[in-house]
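The file structure.cif contains mmCIF, C-alpha atoms and all ligand atoms:
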data_query
#
loop_
_atom_site.label_atom_id
_atom_site.label_comp_id
_atom_site.auth_asym_id
_atom_site.auth_seq_id
_atom_site.Cartn_x
_atom_site.Cartn_y
_atom_site.Cartn_z
CA MET A 1 11.68 32.50 -26.73
CA ASP A 2 14.39 30.96 -28.91
CA ARG A 3 17.95 32.07 -28.85
CA SER A 4 17.91 34.27 -31.94
CA THR A 5 14.75 36.05 -30.76
CA CYS A 6 16.45 36.73 -27.43
CA GLU A 7 19.54 38.10 -29.09
CA ARG A 8 17.53 40.36 -31.32
CA ALA A 9 15.63 41.52 -28.25
CA SER A 10 18.87 42.28 -26.45
CA ALA A 11 20.32 44.09 -29.43
CA ALA A 12 17.16 46.11 -29.94
CA SER A 13 17.04 47.32 -26.38
CA ALA A 14 20.77 48.02 -26.36
CA GLU A 15 20.59 50.24 -29.41
CA MET A 16 17.97 52.66 -28.16
CA ASP A 17 18.94 55.68 -30.16
CA GLY A 18 17.51 58.67 -28.34
CA SER A 19 15.71 59.92 -31.46
CA ASN A 20 11.94 60.23 -31.76
CA ARG A 21 11.61 56.48 -31.72
CA SER A 22 10.62 55.25 -28.31
CA PRO A 23 12.79 52.60 -26.68
CA THR A 24 11.82 48.93 -26.65
CA CYS A 25 11.10 46.60 -23.74
CA ARG A 26 14.23 44.72 -22.67
CA PHE A 27 12.16 41.58 -22.21
CA CYS A 28 9.44 41.43 -24.88
CA ARG A 29 10.61 44.15 -27.35
CA ALA A 30 7.30 46.04 -27.34
CA ARG A 31 7.68 49.79 -27.90
CA LEU A 32 7.76 51.64 -24.60
CA THR A 33 5.27 54.47 -24.88
CA HIS A 34 3.98 54.71 -21.27
CA LEU A 35 6.07 56.79 -18.90
CA PHE A 36 6.09 55.42 -15.33
CA VAL A 37 7.92 58.31 -13.68
CA ASP A 38 10.32 61.09 -14.69
CA LEU A 39 12.82 61.96 -11.95
CA GLY A 40 14.71 64.53 -14.01
CA MET A 41 18.46 64.43 -14.56
CA SER A 42 20.64 62.51 -12.14
CA PRO A 43 24.30 61.47 -11.85
CA LEU A 44 25.27 57.81 -11.32
CA CYS A 45 24.55 56.91 -7.72
CA GLN A 46 27.93 55.39 -6.93
CA ALA A 47 29.93 58.21 -8.53
CA HIS A 48 30.97 59.79 -5.23
CA ILE A 49 33.10 62.87 -5.75
CA SER A 50 36.59 63.18 -4.31
CA PRO A 51 37.64 66.64 -3.02
CA GLU A 52 39.78 67.31 -6.12
CA GLY A 53 36.80 66.46 -8.35
CA LEU A 54 34.51 69.09 -6.87
CA ASN A 55 35.27 71.70 -9.51
CA ARG A 56 34.90 69.38 -12.48
CA MET A 57 31.84 68.71 -14.60
CA GLU A 58 29.75 65.70 -13.66
CA PRO A 59 27.76 63.61 -16.14
CA PHE A 60 24.00 63.66 -15.52
CA TYR A 61 21.63 61.26 -17.28
CA PRO A 62 17.83 61.28 -17.58
CA LEU A 63 16.25 59.19 -14.85
CA ARG A 64 13.03 58.18 -16.52
CA ALA A 65 11.22 54.87 -16.09
CA PHE A 66 8.75 53.36 -18.54
CA VAL A 67 6.20 50.61 -18.06
CA CYS A 68 5.70 48.09 -20.87
CA HIS A 69 2.04 47.89 -21.89
CA ASP A 70 2.49 44.26 -22.81
CA CYS A 71 4.50 42.56 -20.02
CA PHE A 72 4.32 45.40 -17.41
CA LEU A 73 8.07 45.39 -16.88
CA VAL A 74 9.01 48.77 -15.40
CA GLN A 75 12.40 49.78 -16.75
CA ILE A 76 14.83 52.57 -17.40
CA GLU A 77 16.86 53.00 -20.52
CA GLU A 78 20.49 51.96 -20.53
CA TYR A 79 22.38 55.26 -20.76
CA VAL A 80 25.57 53.96 -19.24
CA SER A 81 27.20 50.61 -19.91
CA PRO A 82 27.19 48.12 -17.04
CA ALA A 83 30.98 47.87 -17.37
CA GLU A 84 31.19 51.55 -16.42
CA ILE A 85 28.85 51.12 -13.45
CA PHE A 86 29.79 47.82 -11.94
CA SER A 87 33.51 47.27 -12.56
CA GLU A 88 34.37 49.12 -9.34
CA TYR A 89 31.33 49.12 -7.11
CA ALA A 90 31.42 51.11 -3.87
CA TYR A 91 28.69 49.09 -2.18
CA LEU A 92 30.10 46.24 -0.11
CA SER A 93 27.35 44.14 1.42
CA SER A 94 29.28 43.34 4.58
CA TYR A 95 28.90 46.93 5.85
CA SER A 96 25.33 46.16 6.86
CA ASP A 97 25.05 43.85 9.91
CA ARG A 98 21.41 43.22 9.16
CA TRP A 99 22.19 42.11 5.64
CA VAL A 100 24.91 39.67 6.72
CA GLU A 101 22.50 38.16 9.27
CA HIS A 102 19.76 37.87 6.60
CA ALA A 103 22.27 35.94 4.44
CA ARG A 104 23.22 33.60 7.29
CA ARG A 105 19.61 32.62 7.95
CA TYR A 106 18.98 32.10 4.24
CA ALA A 107 22.02 29.81 3.89
CA GLU A 108 20.95 27.69 6.84
CA ALA A 109 17.41 27.36 5.52
CA MET A 110 18.59 26.34 2.05
CA VAL A 111 21.05 23.72 3.32
CA ARG A 112 18.15 22.16 5.23
CA ARG A 113 15.50 22.50 2.53
CA LEU A 114 17.65 21.17 -0.35
CA GLY A 115 19.79 18.77 1.69
CA LEU A 116 23.05 20.37 0.47
CA ASP A 117 26.35 18.74 1.44
CA ALA A 118 30.00 18.42 0.38
CA ARG A 119 28.92 16.91 -2.98
CA SER A 120 26.69 19.87 -3.87
CA ARG A 121 27.61 23.11 -5.58
CA VAL A 122 26.28 26.56 -4.78
CA VAL A 123 26.83 29.34 -7.33
CA GLU A 124 25.98 32.94 -6.53
CA LEU A 125 25.59 35.57 -9.25
CA ALA A 126 26.77 39.03 -8.15
CA SER A 127 28.35 37.51 -5.06
CA ASN A 128 29.75 40.90 -3.96
CA ASP A 129 32.29 40.55 -1.14
CA GLY A 130 31.26 36.99 -0.23
CA TYR A 131 28.93 38.09 2.60
CA LEU A 132 26.54 35.21 1.70
CA LEU A 133 28.71 32.42 0.31
CA GLN A 134 30.89 32.50 3.46
CA HIS A 135 28.01 30.80 5.30
CA PHE A 136 27.95 27.89 2.82
CA VAL A 137 31.76 27.63 2.99
CA ARG A 138 31.52 27.27 6.78
CA ALA A 139 29.03 24.42 6.27
CA GLY A 140 31.56 22.63 4.04
CA ILE A 141 29.63 23.11 0.79
CA PRO A 142 31.59 23.90 -2.41
CA VAL A 143 30.77 27.38 -3.72
CA LEU A 144 31.58 29.66 -6.63
CA GLY A 145 30.95 33.41 -6.76
CA VAL A 146 30.49 35.32 -10.02
CA GLU A 147 31.05 39.04 -9.55
CA PRO A 148 31.87 41.74 -12.10
CA ALA A 149 33.27 44.25 -9.57
CA ALA A 150 36.96 43.43 -9.18
CA ASN A 151 37.27 45.22 -5.83
CA ALA A 152 34.41 43.25 -4.25
CA ALA A 153 35.74 39.97 -5.71
CA LYS A 154 39.14 40.67 -4.17
CA VAL A 155 37.61 41.02 -0.71
CA ALA A 156 35.76 37.72 -1.26
CA ALA A 157 38.97 35.96 -2.34
CA HIS A 158 40.63 37.06 0.93
CA LYS A 159 37.84 35.28 2.78
CA GLY A 160 38.62 32.09 0.85
CA ILE A 161 35.63 32.31 -1.47
CA PRO A 162 36.50 31.38 -5.07
CA THR A 163 35.17 34.21 -7.24
CA LEU A 164 35.18 34.74 -11.00
CA VAL A 165 35.37 38.38 -12.05
CA ARG A 166 32.90 38.64 -14.91
CA PHE A 167 29.41 39.52 -16.08
CA PHE A 168 26.93 36.67 -16.26
CA GLY A 169 25.01 35.54 -19.34
CA ARG A 170 24.83 32.55 -21.71
CA ASP A 171 28.55 32.53 -22.53
CA ALA A 172 29.65 32.71 -18.91
CA ALA A 173 27.11 30.00 -17.98
CA ARG A 174 28.50 27.56 -20.57
CA GLU A 175 32.08 28.16 -19.46
CA ILE A 176 31.27 27.78 -15.76
CA ALA A 177 29.24 24.61 -16.38
CA GLU A 178 32.14 23.10 -18.27
CA LYS A 179 34.89 24.14 -15.88
CA PHE A 180 33.17 23.77 -12.50
CA GLY A 181 29.98 21.77 -13.17
CA ARG A 182 26.38 22.89 -12.94
CA ALA A 183 24.72 24.27 -9.81
CA ASP A 184 22.45 22.51 -7.32
CA LEU A 185 21.62 25.92 -5.93
CA LEU A 186 22.01 28.96 -8.16
CA LEU A 187 21.20 32.22 -6.46
CA GLY A 188 21.27 35.92 -7.02
CA ASN A 189 20.19 38.62 -4.59
CA ASN A 190 19.54 42.11 -5.84
CA VAL A 191 21.09 41.37 -9.20
CA LEU A 192 18.07 40.88 -11.49
CA ALA A 193 17.29 44.60 -11.39
CA HIS A 194 20.88 45.40 -12.39
CA VAL A 195 20.92 43.31 -15.57
CA PRO A 196 20.53 45.19 -18.87
CA LEU A 197 20.46 42.06 -21.06
CA LEU A 198 17.70 40.38 -19.09
CA ASN A 199 17.00 37.58 -21.56
CA ASP A 200 20.67 36.64 -21.86
CA PHE A 201 20.98 36.53 -18.07
CA VAL A 202 17.94 34.32 -17.43
CA ALA A 203 18.86 32.04 -20.35
CA GLY A 204 22.30 31.68 -18.73
CA MET A 205 20.69 30.54 -15.49
CA LYS A 206 18.78 27.84 -17.38
CA ILE A 207 22.11 26.59 -18.79
CA LEU A 208 23.95 26.60 -15.45
CA LEU A 209 21.21 24.92 -13.38
CA LYS A 210 21.70 21.21 -12.79
CA PRO A 211 18.68 18.97 -13.55
CA GLY A 212 16.79 18.87 -10.24
CA GLY A 213 18.55 22.08 -9.08
CA VAL A 214 16.92 25.20 -7.65
CA ILE A 215 17.32 28.89 -8.41
CA THR A 216 16.49 31.52 -5.80
CA MET A 217 16.52 35.25 -6.45
CA GLU A 218 15.65 38.23 -4.32
CA PHE A 219 14.70 41.60 -5.72
CA PRO A 220 12.62 44.59 -4.60
CA HIS A 221 8.93 44.01 -5.31
CA LEU A 222 7.41 46.60 -7.66
CA HIS A 223 4.13 46.35 -5.77
CA ARG A 224 5.84 47.58 -2.56
CA LEU A 225 7.75 50.27 -4.46
CA MET A 226 4.48 51.71 -5.77
CA GLU A 227 2.56 51.28 -2.55
CA GLY A 228 5.31 52.89 -0.43
CA ASN A 229 6.20 55.77 -2.85
CA GLN A 230 9.71 54.33 -2.92
CA PHE A 231 10.70 56.28 -6.02
CA ASP A 232 14.24 56.65 -4.64
CA THR A 233 14.90 52.95 -5.36
CA ILE A 234 14.83 53.98 -9.04
CA TYR A 235 18.33 54.78 -10.24
CA HIS A 236 20.52 54.19 -13.27
CA GLU A 237 22.08 51.05 -11.83
CA HIS A 238 18.60 49.47 -11.54
CA PHE A 239 17.49 48.77 -15.09
CA SER A 240 14.31 46.79 -14.25
CA TYR A 241 11.57 46.72 -11.57
CA PHE A 242 9.56 43.52 -11.30
CA SER A 243 6.12 42.45 -10.26
CA PHE A 244 5.69 38.72 -9.65
CA PHE A 245 3.51 38.63 -12.76
CA THR A 246 6.33 39.94 -14.94
CA VAL A 247 9.15 37.90 -13.44
CA GLU A 248 7.09 34.75 -13.85
CA LYS A 249 6.64 35.58 -17.54
CA VAL A 250 10.37 36.20 -18.00
CA PHE A 251 11.41 32.94 -16.37
CA ALA A 252 8.74 30.94 -18.21
CA ALA A 253 10.06 32.26 -21.55
CA HIS A 254 13.37 30.57 -20.72
CA GLY A 255 12.02 27.21 -19.56
CA LEU A 256 12.03 27.99 -15.84
CA THR A 257 9.01 27.63 -13.55
CA LEU A 258 8.55 29.58 -10.33
CA PHE A 259 7.35 27.04 -7.77
CA ASP A 260 7.48 29.10 -4.59
CA VAL A 261 7.72 32.69 -3.44
CA GLU A 262 8.21 34.53 -0.15
CA GLU A 263 7.64 38.17 0.66
CA LEU A 264 10.56 39.70 2.58
CA ARG A 265 10.93 42.98 4.41
CA THR A 266 14.36 43.75 2.91
CA HIS A 267 14.82 46.83 0.70
CA GLY A 268 11.37 48.14 1.51
CA GLY A 269 9.67 44.88 0.52
CA SER A 270 11.27 42.23 -1.67
CA LEU A 271 10.34 38.91 -3.21
CA ARG A 272 12.36 35.74 -2.94
CA ILE A 273 11.43 33.49 -5.83
CA TYR A 274 12.23 29.79 -6.20
CA ALA A 275 12.60 28.42 -9.72
CA ARG A 276 13.29 25.02 -11.28
CA HIS A 277 13.48 23.60 -14.76
CA THR A 278 9.95 23.57 -16.20
CA GLU A 279 10.44 19.94 -17.23
CA ASP A 280 11.44 18.95 -13.66
CA PRO A 281 8.45 17.78 -11.61
CA SER A 282 10.28 17.39 -8.29
CA PHE A 283 9.02 20.61 -6.67
CA PRO A 284 5.24 21.12 -6.90
CA VAL A 285 4.01 24.71 -7.27
CA SER A 286 3.14 26.03 -3.80
CA PRO A 287 -0.15 27.81 -3.02
CA ALA A 288 1.90 30.98 -2.27
CA VAL A 289 2.39 31.40 -6.03
CA GLU A 290 -1.31 31.59 -6.85
CA ALA A 291 -1.96 33.77 -3.78
CA LEU A 292 0.58 36.35 -4.90
CA ARG A 293 -0.70 36.35 -8.49
CA ARG A 294 -4.17 37.06 -7.11
CA CYS A 295 -2.89 39.79 -4.77
CA GLU A 296 -1.16 41.64 -7.63
CA LEU A 297 -4.20 41.29 -9.86
CA ASP A 298 -6.39 42.80 -7.13
CA ALA A 299 -3.88 45.64 -6.68
CA GLY A 300 -4.28 46.52 -10.38
CA LEU A 301 -0.75 45.63 -11.46
CA ARG A 302 -2.06 44.39 -14.80
CA ARG A 303 -3.77 47.69 -15.62
CA LEU A 304 -1.90 50.70 -17.02
CA GLU A 305 -4.07 53.15 -15.02
CA THR A 306 -2.50 51.88 -11.80
CA TYR A 307 0.95 52.80 -13.09
CA ALA A 308 -0.26 56.14 -14.44
CA ALA A 309 -1.25 57.25 -10.92
CA PHE A 310 2.30 56.91 -9.58
CA PRO A 311 3.98 60.18 -10.76
CA GLU A 312 1.57 62.45 -8.91
CA ARG A 313 2.23 60.59 -5.65
CA VAL A 314 5.98 60.97 -6.19
CA LYS A 315 5.61 64.73 -6.64
CA GLU A 316 3.50 64.98 -3.51
CA THR A 317 6.12 63.02 -1.51
CA LYS A 318 8.73 65.54 -2.66
CA ARG A 319 6.58 68.55 -1.71
CA ALA A 320 5.90 67.18 1.78
CA LEU A 321 9.58 66.43 2.34
CA LEU A 322 10.67 69.91 1.26
CA GLU A 323 7.98 71.50 3.44
CA PHE A 324 9.36 69.63 6.44
CA LEU A 325 12.97 70.60 5.67
CA ILE A 326 12.12 74.26 5.08
CA ARG A 327 10.17 74.42 8.34
CA ALA A 328 13.01 72.79 10.25
CA LYS A 329 15.61 75.18 8.87
CA ARG A 330 13.42 78.23 9.52
CA ALA A 331 13.13 77.04 13.13
CA GLY A 332 16.94 77.03 13.32
CA LYS A 333 17.32 73.26 13.46
CA ARG A 334 20.49 71.50 12.38
CA LEU A 335 20.22 68.38 10.22
CA ALA A 336 22.73 65.69 9.34
CA GLY A 337 22.20 62.75 7.03
CA TYR A 338 22.87 59.12 7.82
CA GLY A 339 24.17 56.98 4.96
CA ALA A 340 25.15 57.66 1.35
CA PRO A 341 23.30 54.84 -0.42
CA GLY A 342 22.21 54.68 -4.04
CA LYS A 343 18.64 55.54 -3.14
CA GLY A 344 19.88 58.64 -1.29
CA ASN A 345 21.32 59.90 -4.54
CA THR A 346 17.98 59.79 -6.33
CA LEU A 347 16.17 61.38 -3.40
CA LEU A 348 18.69 64.21 -2.90
CA ASN A 349 18.97 65.05 -6.61
CA TYR A 350 15.27 64.81 -7.40
CA CYS A 351 14.30 66.91 -4.37
CA GLY A 352 17.24 69.34 -4.73
CA ILE A 353 18.53 68.73 -1.19
CA ARG A 354 22.10 69.98 -0.73
CA THR A 355 24.08 71.49 2.14
CA ASP A 356 21.35 74.12 2.36
CA PHE A 357 19.39 71.45 4.26
CA LEU A 358 21.85 68.73 5.30
CA ASP A 359 25.16 69.90 6.82
CA TYR A 360 26.78 66.57 5.99
CA THR A 361 26.00 62.88 5.90
CA VAL A 362 27.90 59.91 7.39
CA ASP A 363 28.61 56.40 6.18
CA ARG A 364 30.25 53.34 7.75
CA ASN A 365 31.94 52.47 4.46
CA PRO A 366 35.49 53.98 4.67
CA SER A 367 35.73 54.20 0.86
CA LYS A 368 32.93 56.79 0.87
CA GLN A 369 34.26 58.84 3.79
CA GLY A 370 35.99 62.07 2.74
CA LYS A 371 34.04 62.13 -0.51
CA PHE A 372 30.89 64.01 -1.55
CA THR A 373 27.47 62.82 -2.68
CA PRO A 374 27.11 62.81 -6.50
CA GLY A 375 25.44 65.91 -7.90
CA THR A 376 24.48 67.37 -4.53
CA HIS A 377 28.03 67.54 -3.06
CA ILE A 378 27.10 66.86 0.54
CA PRO A 379 30.25 65.83 2.50
CA ILE A 380 30.31 62.16 3.58
CA LEU A 381 31.98 61.78 6.98
CA HIS A 382 32.65 59.12 9.62
CA PRO A 383 29.58 58.29 11.78
CA ASP A 384 31.39 59.62 14.89
CA ARG A 385 30.86 63.12 13.54
CA ILE A 386 27.23 62.96 14.62
CA ALA A 387 28.14 62.69 18.33
CA GLU A 388 30.64 65.54 17.89
CA THR A 389 28.20 67.99 16.28
CA ARG A 390 24.92 66.90 17.97
CA PRO A 391 22.42 67.73 15.19
CA ASP A 392 18.72 68.14 16.03
CA TYR A 393 17.70 65.71 13.30
CA VAL A 394 19.41 62.70 11.76
CA PHE A 395 17.91 62.16 8.33
CA ILE A 396 18.02 58.45 7.44
CA LEU A 397 18.72 58.01 3.72
CA PRO A 398 18.78 54.17 3.65
CA TRP A 399 15.30 54.07 5.22
CA ASN A 400 15.14 50.29 4.59
CA LEU A 401 17.73 49.95 7.39
CA THR A 402 15.93 52.31 9.79
CA ASP A 403 15.65 49.81 12.70
CA GLU A 404 19.35 48.99 12.54
CA ILE A 405 20.41 52.65 12.31
CA VAL A 406 18.11 53.76 15.14
CA GLN A 407 19.74 51.11 17.35
CA GLN A 408 23.29 52.02 16.33
CA MET A 409 22.68 55.73 16.80
CA ALA A 410 20.46 55.55 19.90
CA HIS A 411 22.83 57.98 21.68
CA ILE A 412 21.46 60.96 19.70
CA ARG A 413 18.62 60.95 22.21
CA ASP A 414 21.13 62.05 24.87
CA TRP A 415 20.97 65.55 23.41
CA GLY A 416 17.35 65.36 22.27
CA GLY A 417 18.22 64.42 18.67
CA LYS A 418 15.51 62.81 16.56
CA PHE A 419 15.45 60.60 13.51
CA VAL A 420 13.69 61.59 10.28
CA VAL A 421 12.61 59.03 7.68
CA PRO A 422 11.61 60.26 4.20
CA MET A 423 9.39 57.33 3.00
CA PRO A 424 6.53 56.64 2.37
CA THR A 425 5.93 60.19 3.62
CA VAL A 426 8.31 62.21 5.75
CA ARG A 427 8.02 61.51 9.48
CA VAL A 428 9.94 62.15 12.69
CA LEU A 429 10.55 59.12 14.89
CA ASP A 430 9.91 60.11 18.47
CA ALA A 431 12.33 58.82 21.05
ZN ZN A 501 7.55 44.11 -22.30
#
Would you write out, as structure tokens, the structure that this file holds?
Amino acid sequence: MDRSTCERASAASAEMDGSNRSPTCRFCRARLTHLFVDLGMSPLCQAHISPEGLNRMEPFYPLRAFVCHDCFLVQIEEYVSPAEIFSEYAYLSSYSDRWVEHARRYAEAMVRRLGLDARSRVVELASNDGYLLQHFVRAGIPVLGVEPAANAAKVAAHKGIPTLVRFFGRDAAREIAEKFGRADLLLGNNVLAHVPLLNDFVAGMKILLKPGGVITMEFPHLHRLMEGNQFDTIYHEHFSYFSFFTVEKVFAAHGLTLFDVEELRTHGGSLRIYARHTEDPSFPVSPAVEALRRCELDAGLRRLETYAAFPERVKETKRALLEFLIRAKRAGKRLAGYGAPGKGNTLLNYCGIRTDFLDYTVDRNPSKQGKFTPGTHIPILHPDRIAETRPDYVFILPWNLTDEIVQQMAHIRDWGGKFVVPMPTVRVLDA
């Protein structure tokens, strides 16, 4: 895709007008006429409400995903500008121990695999609070973080991680390349889904990657989302949902070849892709690439019927969850939530779960404590509250971190408390 085509594509998807015309695909510009799932109206997932905001109106936006019949990109329309969403982002990666550990192992593996040293440069897009780059810094490798959320960038700067506060795209890539040099390793974890101008972003990566350099990106795998009924990972901050098939197409359009891929357990099942310049022969394409293509083909990810079956499974997941909650409340049980993550917002709003079911939820992130969940107004408290009130059930909203939370909160078994996990179907974890 040449530059002007990309810009027209970006402009076309940005100007979706809400009239009878259907929106266009943010990658290939095809008209989006196939609904993937409609989760009703939902507030922004990071818009936690302060006590004084409880009596004010809250903006709700349609949470409706489409699948492109041409490239199979699953996507939601851009109702809110990224500047509004990401300039002050409540999610700081360092609050999850598991996530920091995942980053440490990744950094070690990459230093070994690519032979990085003090002459190399590692650039991370959406570097958050520096939870990942800190591991490269410790190994003596020059790094640069690019992060649009000023609050997260400030935390990173305190850790000694140079961080530019800005959105990434072609313009940023050119400036960074000129000022700091191009990247031997260019990485981005859980950022590709958050990018509204997808073509501009991937084209920027092509510009910033040194000849012979490697890009790695991690993002939730659409195949796992569909298989595990993980509809709650759909929210306004996530503009796109990728199969390997689609992401390969997107990268290829910008002169980047995916030469390796790993399946990870993070976020309910993610992919880590490895890309290089298409004209660079130094990394041969691994057999894992063809194996995953084949696996997705067999799973029907290139047929619209497969996508059309998803909404009914989402509705059934909701019904089963509400049945469980109603039964528990009728039996006089007390329930508390654990966590106030983005996915919790979709789940609570779509299922209509408020303080009629969950007395409160808790979160380790102090900036969320004392606030209320968006739309559903469930109080968010300090995790110690669980030991004080001894609920019968602790309902785990960030179910992707279940193992970690069950370990941290093992003491609920002292009073016979049990954990409840909502996905792929509601279940109680027996002690
Ligand atoms: Zn498309």
Using all atoms listed in the file, which residues of chain A come within 12 Å of ligand ZN 501 (chain A), and what is the closest atom pair for each, with the distance in Å to one decimal? Give it as a tab-separated table, sorted by chain and residue number.
residue	atom	partner	partner_atom	distance
A:Ala9	CA	A:ZN501	ZN	10.4
A:Ser13	CA	A:ZN501	ZN	10.8
A:Pro23	CA	A:ZN501	ZN	10.9
A:Thr24	CA	A:ZN501	ZN	7.8
A:Cys25	CA	A:ZN501	ZN	4.6
A:Arg26	CA	A:ZN501	ZN	6.7
A:Phe27	CA	A:ZN501	ZN	5.3
A:Cys28	CA	A:ZN501	ZN	4.2
A:Arg29	CA	A:ZN501	ZN	5.9
A:Ala30	CA	A:ZN501	ZN	5.4
A:Arg31	CA	A:ZN501	ZN	8.0
A:Leu32	CA	A:ZN501	ZN	7.9
A:Thr33	CA	A:ZN501	ZN	10.9
A:His34	CA	A:ZN501	ZN	11.2
A:Phe66	CA	A:ZN501	ZN	10.1
A:Val67	CA	A:ZN501	ZN	7.9
A:Cys68	CA	A:ZN501	ZN	4.6
A:His69	CA	A:ZN501	ZN	6.7
A:Asp70	CA	A:ZN501	ZN	5.1
A:Cys71	CA	A:ZN501	ZN	4.1
A:Phe72	CA	A:ZN501	ZN	6.0
A:Leu73	CA	A:ZN501	ZN	5.6
A:Val74	CA	A:ZN501	ZN	8.5
A:Gln75	CA	A:ZN501	ZN	9.3
A:Leu198	CA	A:ZN501	ZN	11.3
A:Asn199	CA	A:ZN501	ZN	11.5
A:Ser240	CA	A:ZN501	ZN	10.8
A:Tyr241	CA	A:ZN501	ZN	11.8
A:Phe242	CA	A:ZN501	ZN	11.2
A:Phe245	CA	A:ZN501	ZN	11.7
A:Thr246	CA	A:ZN501	ZN	8.5
A:Val247	CA	A:ZN501	ZN	10.9
A:Lys249	CA	A:ZN501	ZN	9.8
A:Val250	CA	A:ZN501	ZN	9.4
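Compared by their closest atoms to Ala65 of chain A, and using only C-alpha atoms, the residues A:Val37, A:Ala107, A:Cys45, A:Ala387 rank with A:Val37 nearest.
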Residues at most 7 Å from Ile378 of chain A, counting only C-alpha atoms, excluding those fewer than 6 positions away in the same chain, as a VMD selection string?
chain A and resid 354 to 355 360 to 361 372
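Nearest-residue note for Gly375 of chain A: choosing from A:Leu348, A:Ala309, A:Ala150, A:Ala157, the minimum distance belongs to A:Leu348, counting only C-alpha atoms.
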Listed atoms of segment 406-419 of chain A boxed along x, y and z, 8 Å each side, centre and edge lengths in Å, one decimal, as JSON:
{"center_x": 19.4, "center_y": 58.3, "center_z": 19.2, "size_x": 23.8, "size_y": 30.4, "size_z": 27.4}
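If all atoms listed in the file are the atoms counted, then among A:Pro220, A:Phe283, A:Met226, A:Ile76 the closest residue to Leu264 of chain A is A:Pro220.
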